[in-house]
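S.K.: Before we start, here is the structure in question, set down as structure tokens.
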Amino acid sequence: MHAIEKILARNSGRRSVETGEIVTAKVDFAEINDLYLQTVYSFYEMGGEKVWDNTRCAFVFDHYAPCPDIKSASNHKEMREFARKNDLKYHFDTNCGVCHQVMPEAGVIYPGMIVVATDSHTTTHGAFGAMGTGCGATDMATILMTGELWFRVPEVVEVRLEGEAPKGVFPKDVVLAVLGRVRADGAVYKAIDFTGSYVDALNVAGRMTICNMAVEMGAKTTYMQPNQDVLDYVSARAVRPFEVVTTDPGFRYTESYVFDVSKLEPELACPSSVENVHTLRSVVADGPVALDQGYIGSCTGGRTEDIAVAAKILKGRHIPPYTRLVVIPASSAVMRECMEKGYIQALMEAGATVSTPGCGACLGAHEGILAPGEVCITSTNRNFPGRMGSTEAQMYLASPATVAASLLNGRITDPRPYLD
């Protein structure tokens with residue numbers, strides 16, 4: 001069996017499972033973000049009284065942090081009341097950050113577990129050798145009542161990433177290249193196993209970036225065999241004992257895609273689809289692309305490593321007049337670390353607006369939404385019309401380095417000359 005299949009088998013009390021089977025499995029941790037107050041309503045409508053285990057579930061207030069309007073404030077109020085009533089051990093309020101960042105930091109994510117959250121980008125946690133997947137409010141209410149949920153055992157697709165990335169090619173560029181080939185519907189309800197020498201050597205932040213965007217290919221979940229960086233990270237934080245799960249030798253993937261990372265260059269997902277991927281060089285060859293805004297943040301591009309490379313490029317420089325660069329750290333811990341290392345100060349001196357850790361404009365809620373006709377280059381994960389504000393705005397997805405270099409010049413720019 002594949003590691004994902006072993007996790008599903010163990011949590012459903014089975015010796016083995018097969019592709020296509022429906023199983024009912026125990027959930028190791030459940031997370032509800034502040035878009036899903038309906039989870040609370042559904043919980044009570046189905047007769048729920050107390051959550052099944054107040055140490056295995058959490059609310060994270062990240063999409064509207066702090067609240068930009070009365071409606072979101074009211075939602076937070078009701079969710080806090082539910083959290084208080086159930087004495088949840090983990091409650092991440094508006095001072096914490098994005099769910100997919102704060103949960104690993106808190107040690108509730110570890111190899112071999114099943115984590116379900118009301119967010120499609122829960123695939124991020126495959127970076128830790130966990131099975132992470134998203135669900136809706138009614139399914140989440142069922143988990144809160146019973147600690148279990150049904151799953152269809154997915155087909156497993158291999159994406160093998162071999163080689164060493166050249167200077168200026170970051171994990172975001174790699175996953176965009178994968179998206180351009182696999183396409184937005186290439187892995188619907190499948191598990192993607194990222195393998196290869198590039199993955200073996202990749203740090204935690206890079207792994208999270210790649211697994212995060214697997215859902216943009218339709219993936220139900222992801223997996224990366226934990227390396228020493230992951231084990232060190234998790235061992236220092238994990239709140240429960242864990243066991244690394246491995247795939248059996250000879251396991252046969254449904255499909256396999258192979259990439260030579262050493263041949264890649266900076267990539268862009270152009271308006272208005274995640275699969276509309278082109279090399280940066282080919283895009284600018286058609287003429288300069290003027291920008292109104294750059295955005296560095298989200299569960300894809302707001303970690304310390306992302307902010308560090310932007311600071312390296314922009315330190316001692318300044319963005320042009322009438323442009324703006326918005327920087328939203330993925331968590332308060334990331335914010336503190338970046339302040340201690342001087343990254344935040346360098347970006348602010350370069351003209352950046354730094355705001356509260358959270359999801360912000362990634363979903364078009366606040367903290368940097370776009371007006372009609374504006375063009376933004378962003379380290380976030382989606383660029384369909386209306387994602388960051390107006391349906392008449394345009395978004396280019398890129399690495400944080402490309403975002404920083406581009407805002408420095410007011411037009412899409414190759415970051416490589418700025419990395420020496």
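Chain lettering (A, B, ...) mirrors the order of the structure tokens, residue numbering begins at 1 for each chain separately, and ligand numbering begins at 1 in order of display.
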For Val309 in chain A, list every protein, DNA or RNA residue within 9 Å, evaluated using only C-alpha atoms, and leave out those in the same chain fewer than 3 positions away; present the list as a PyMOL selection string.

M.R.: chain A and resi 304-306+312-314+343+400-401+404+419

S.K.: Those selected residues, please, written with C-alpha atoms and delivered as a PDB file, in the first residue's frame.

M.R.:
ATOM      1  CA  THR A 304       9.961  33.595   6.938  1.00  0.00           C
ATOM      2  CA  GLU A 305      11.899  32.306   3.927  1.00  0.00           C
ATOM      3  CA  ASP A 306       9.514  34.142   1.577  1.00  0.00           C
ATOM      4  CA  LYS A 312      17.185  40.787   0.410  1.00  0.00           C
ATOM      5  CA  ILE A 313      16.082  42.169  -2.946  1.00  0.00           C
ATOM      6  CA  LEU A 314      14.528  45.380  -1.630  1.00  0.00           C
ATOM      7  CA  TYR A 343      13.314  41.845   7.285  1.00  0.00           C
ATOM      8  CA  PRO A 400       8.074  36.064  -3.508  1.00  0.00           C
ATOM      9  CA  ALA A 401      11.423  36.872  -5.142  1.00  0.00           C
ATOM     10  CA  ALA A 404       9.815  41.818  -4.907  1.00  0.00           C
ATOM     11  CA  LEU A 419      20.000  37.653  -5.889  1.00  0.00           C
TER      12      LEU A 419
END

S.K.: Excluding Glu216 in chain A and residues on its chain fewer than 5 positions from it, collect all residues at most 12 Å away from it, counting only C-alpha atoms, and give them as a ChimeraX atom specification.

M.R.: /A:120-124,175-176,178-180,182-190,192,209-211,221-222,269,273-276,300,380-384

S.K.: Sorted by chain and rising residue number, list the residues of range 284-365 of chain A at most 8 Å from range 369-372 of chain A (counting only C-alpha atoms), each with its closest atom pair and distance in Å to one decimal, as a Markdown table.

M.R.:
| residue | atom | partner | partner_atom | distance |
| --- | --- | --- | --- | --- |
| A:Ala361 | CA | A:Ile369 | CA | 5.2 |
| A:Gly364 | CA | A:Ile369 | CA | 5.5 |
| A:Ala365 | CA | A:Ile369 | CA | 7.0 |

S.K.: Determine, counting only C-alpha atoms, which protein, DNA and RNA residues have an atom within 7 Å of an atom of Arg237 in chain A; residues of the same chain fewer than 3 positions away are not included. Present the result as a list in words.

M.R.: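 In the requested format, the answer is Ala106, Gly107, Tyr233 and Val234 of chain A.
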
S.K.: Within 10 Å of Ala9 in chain A, counting only C-alpha atoms, which residues show up once you throw out same-chain ones fewer than 4 positions away? Write them as a ChimeraX atom specification, please.

M.R.: /A:1,3-5,13-18,23-25,153

S.K.: Restricting the output to N, CA and C atoms, write the selected residues as a short mmCIF file (atom, residue, chain, number, x, y, z; two decimals), in the first residue's frame.

M.R.:
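Below you can see again_36.cif, which holds the result:
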data_model
loop_
_atom_site.label_atom_id
_atom_site.label_comp_id
_atom_site.auth_asym_id
_atom_site.auth_seq_id
_atom_site.Cartn_x
_atom_site.Cartn_y
_atom_site.Cartn_z
N MET A 1 0.83 -1.20 0.00
CA MET A 1 0.00 0.00 0.00
C MET A 1 0.87 1.25 0.00
N ALA A 3 1.57 5.06 1.50
CA ALA A 3 1.50 5.61 2.86
C ALA A 3 0.12 6.18 3.16
N ILE A 4 -0.49 6.88 2.19
CA ILE A 4 -1.83 7.43 2.39
C ILE A 4 -2.83 6.31 2.66
N GLU A 5 -2.72 5.22 1.93
CA GLU A 5 -3.62 4.08 2.13
C GLU A 5 -3.40 3.46 3.51
N GLY A 13 -9.44 1.19 11.27
CA GLY A 13 -9.44 -0.13 11.91
C GLY A 13 -9.35 -1.28 10.95
N ARG A 14 -8.74 -1.03 9.78
CA ARG A 14 -8.62 -2.06 8.75
C ARG A 14 -7.16 -2.47 8.59
N ARG A 15 -6.93 -3.68 8.10
CA ARG A 15 -5.56 -4.12 7.80
C ARG A 15 -5.11 -3.54 6.47
N SER A 16 -6.06 -3.32 5.56
CA SER A 16 -5.70 -2.78 4.24
C SER A 16 -6.92 -2.11 3.63
N VAL A 17 -6.66 -1.25 2.66
CA VAL A 17 -7.73 -0.62 1.89
C VAL A 17 -7.31 -0.63 0.43
N GLU A 18 -8.27 -0.43 -0.46
CA GLU A 18 -7.99 -0.41 -1.89
C GLU A 18 -8.60 0.83 -2.53
N VAL A 23 -14.34 4.36 3.22
CA VAL A 23 -14.05 3.94 4.59
C VAL A 23 -14.46 5.05 5.55
N THR A 24 -14.76 4.67 6.76
CA THR A 24 -15.01 5.63 7.84
C THR A 24 -13.80 5.61 8.75
N ALA A 25 -13.13 6.75 8.85
CA ALA A 25 -11.85 6.79 9.57
C ALA A 25 -11.87 7.83 10.67
N VAL A 153 -10.99 6.13 -0.79
CA VAL A 153 -9.55 5.90 -0.94
C VAL A 153 -9.13 6.38 -2.32
#

S.K.: Select, from A:Gly373, A:Thr39, A:Gly410, A:Ala311, the residue with the minimum atom-to-atom distance to Gly342 in chain A, counting only C-alpha atoms.

M.R.: A:Ala311

S.K.: What's around Arg56 in chain A at 7 Å? Count only C-alpha atoms, leave out sequence neighbours fewer than 4 positions away in its own chain, and write the answer as an mmCIF file with C-alpha atoms, in the first residue's frame.

M.R.:
data_model
loop_
_atom_site.group_PDB
_atom_site.id
_atom_site.type_symbol
_atom_site.label_atom_id
_atom_site.label_comp_id
_atom_site.auth_asym_id
_atom_site.auth_seq_id
_atom_site.Cartn_x
_atom_site.Cartn_y
_atom_site.Cartn_z
ATOM 1 C CA ASP A 28 -6.724 13.065 14.451
ATOM 2 C CA PHE A 29 -7.309 16.814 14.300
ATOM 3 C CA ALA A 30 -10.065 19.068 12.957
#

S.K.: Can you list, as a list in words, every protein, DNA or RNA residue that comes within 8 Å of Val327 in chain A when you count only C-alpha atoms, leaving out same-chain residues fewer than 5 positions away?

M.R.: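 That gives Tyr295, Ile296, Gly297, Gly302, Ile307, Ala352, Thr353, Val354 and Ser355 of chain A.
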
S.K.: If we count only C-alpha atoms, what is near range 318-320 of chain A at a cut-off of 12 Å, once residues fewer than 4 positions away on the same chain are taken out, given as number ranges by chain?

M.R.: A: 290-294, 311, 313-314, 324-326, 346-353, 403-411

S.K.: Using only C-alpha atoms, which residue out of A:Ile70, A:Arg80, A:Thr146, A:Phe59 lies closest to Val27 in chain A?

M.R.: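 Looking at the shortest contact to Val27 in chain A, the residue is A:Thr146.
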
S.K.: Please indicate the distance in Å from CA of Ala58 in chain A to CA of Tyr90 in chain A, rounded to one decimal place.

M.R.: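 A separation of 5.1 Å between them.
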
S.K.: Ranking A:Glu49, A:Glu155, A:Glu374, A:Glu162 by minimum distance to Leu202 in chain A and counting only C-alpha atoms, which one comes first?

M.R.: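 Among the listed residues, A:Glu162 lies closest to Leu202 in chain A.
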
S.K.: To test your reading of the structure, identify every residue in range 20-155 of chain A that backbone DSSP assigns to helix (DSSP H, G or I), and report it as an MDAnalysis selection string.

M.R.: chainID A and resid 38:45 70:85 99:106 120:128 137:146
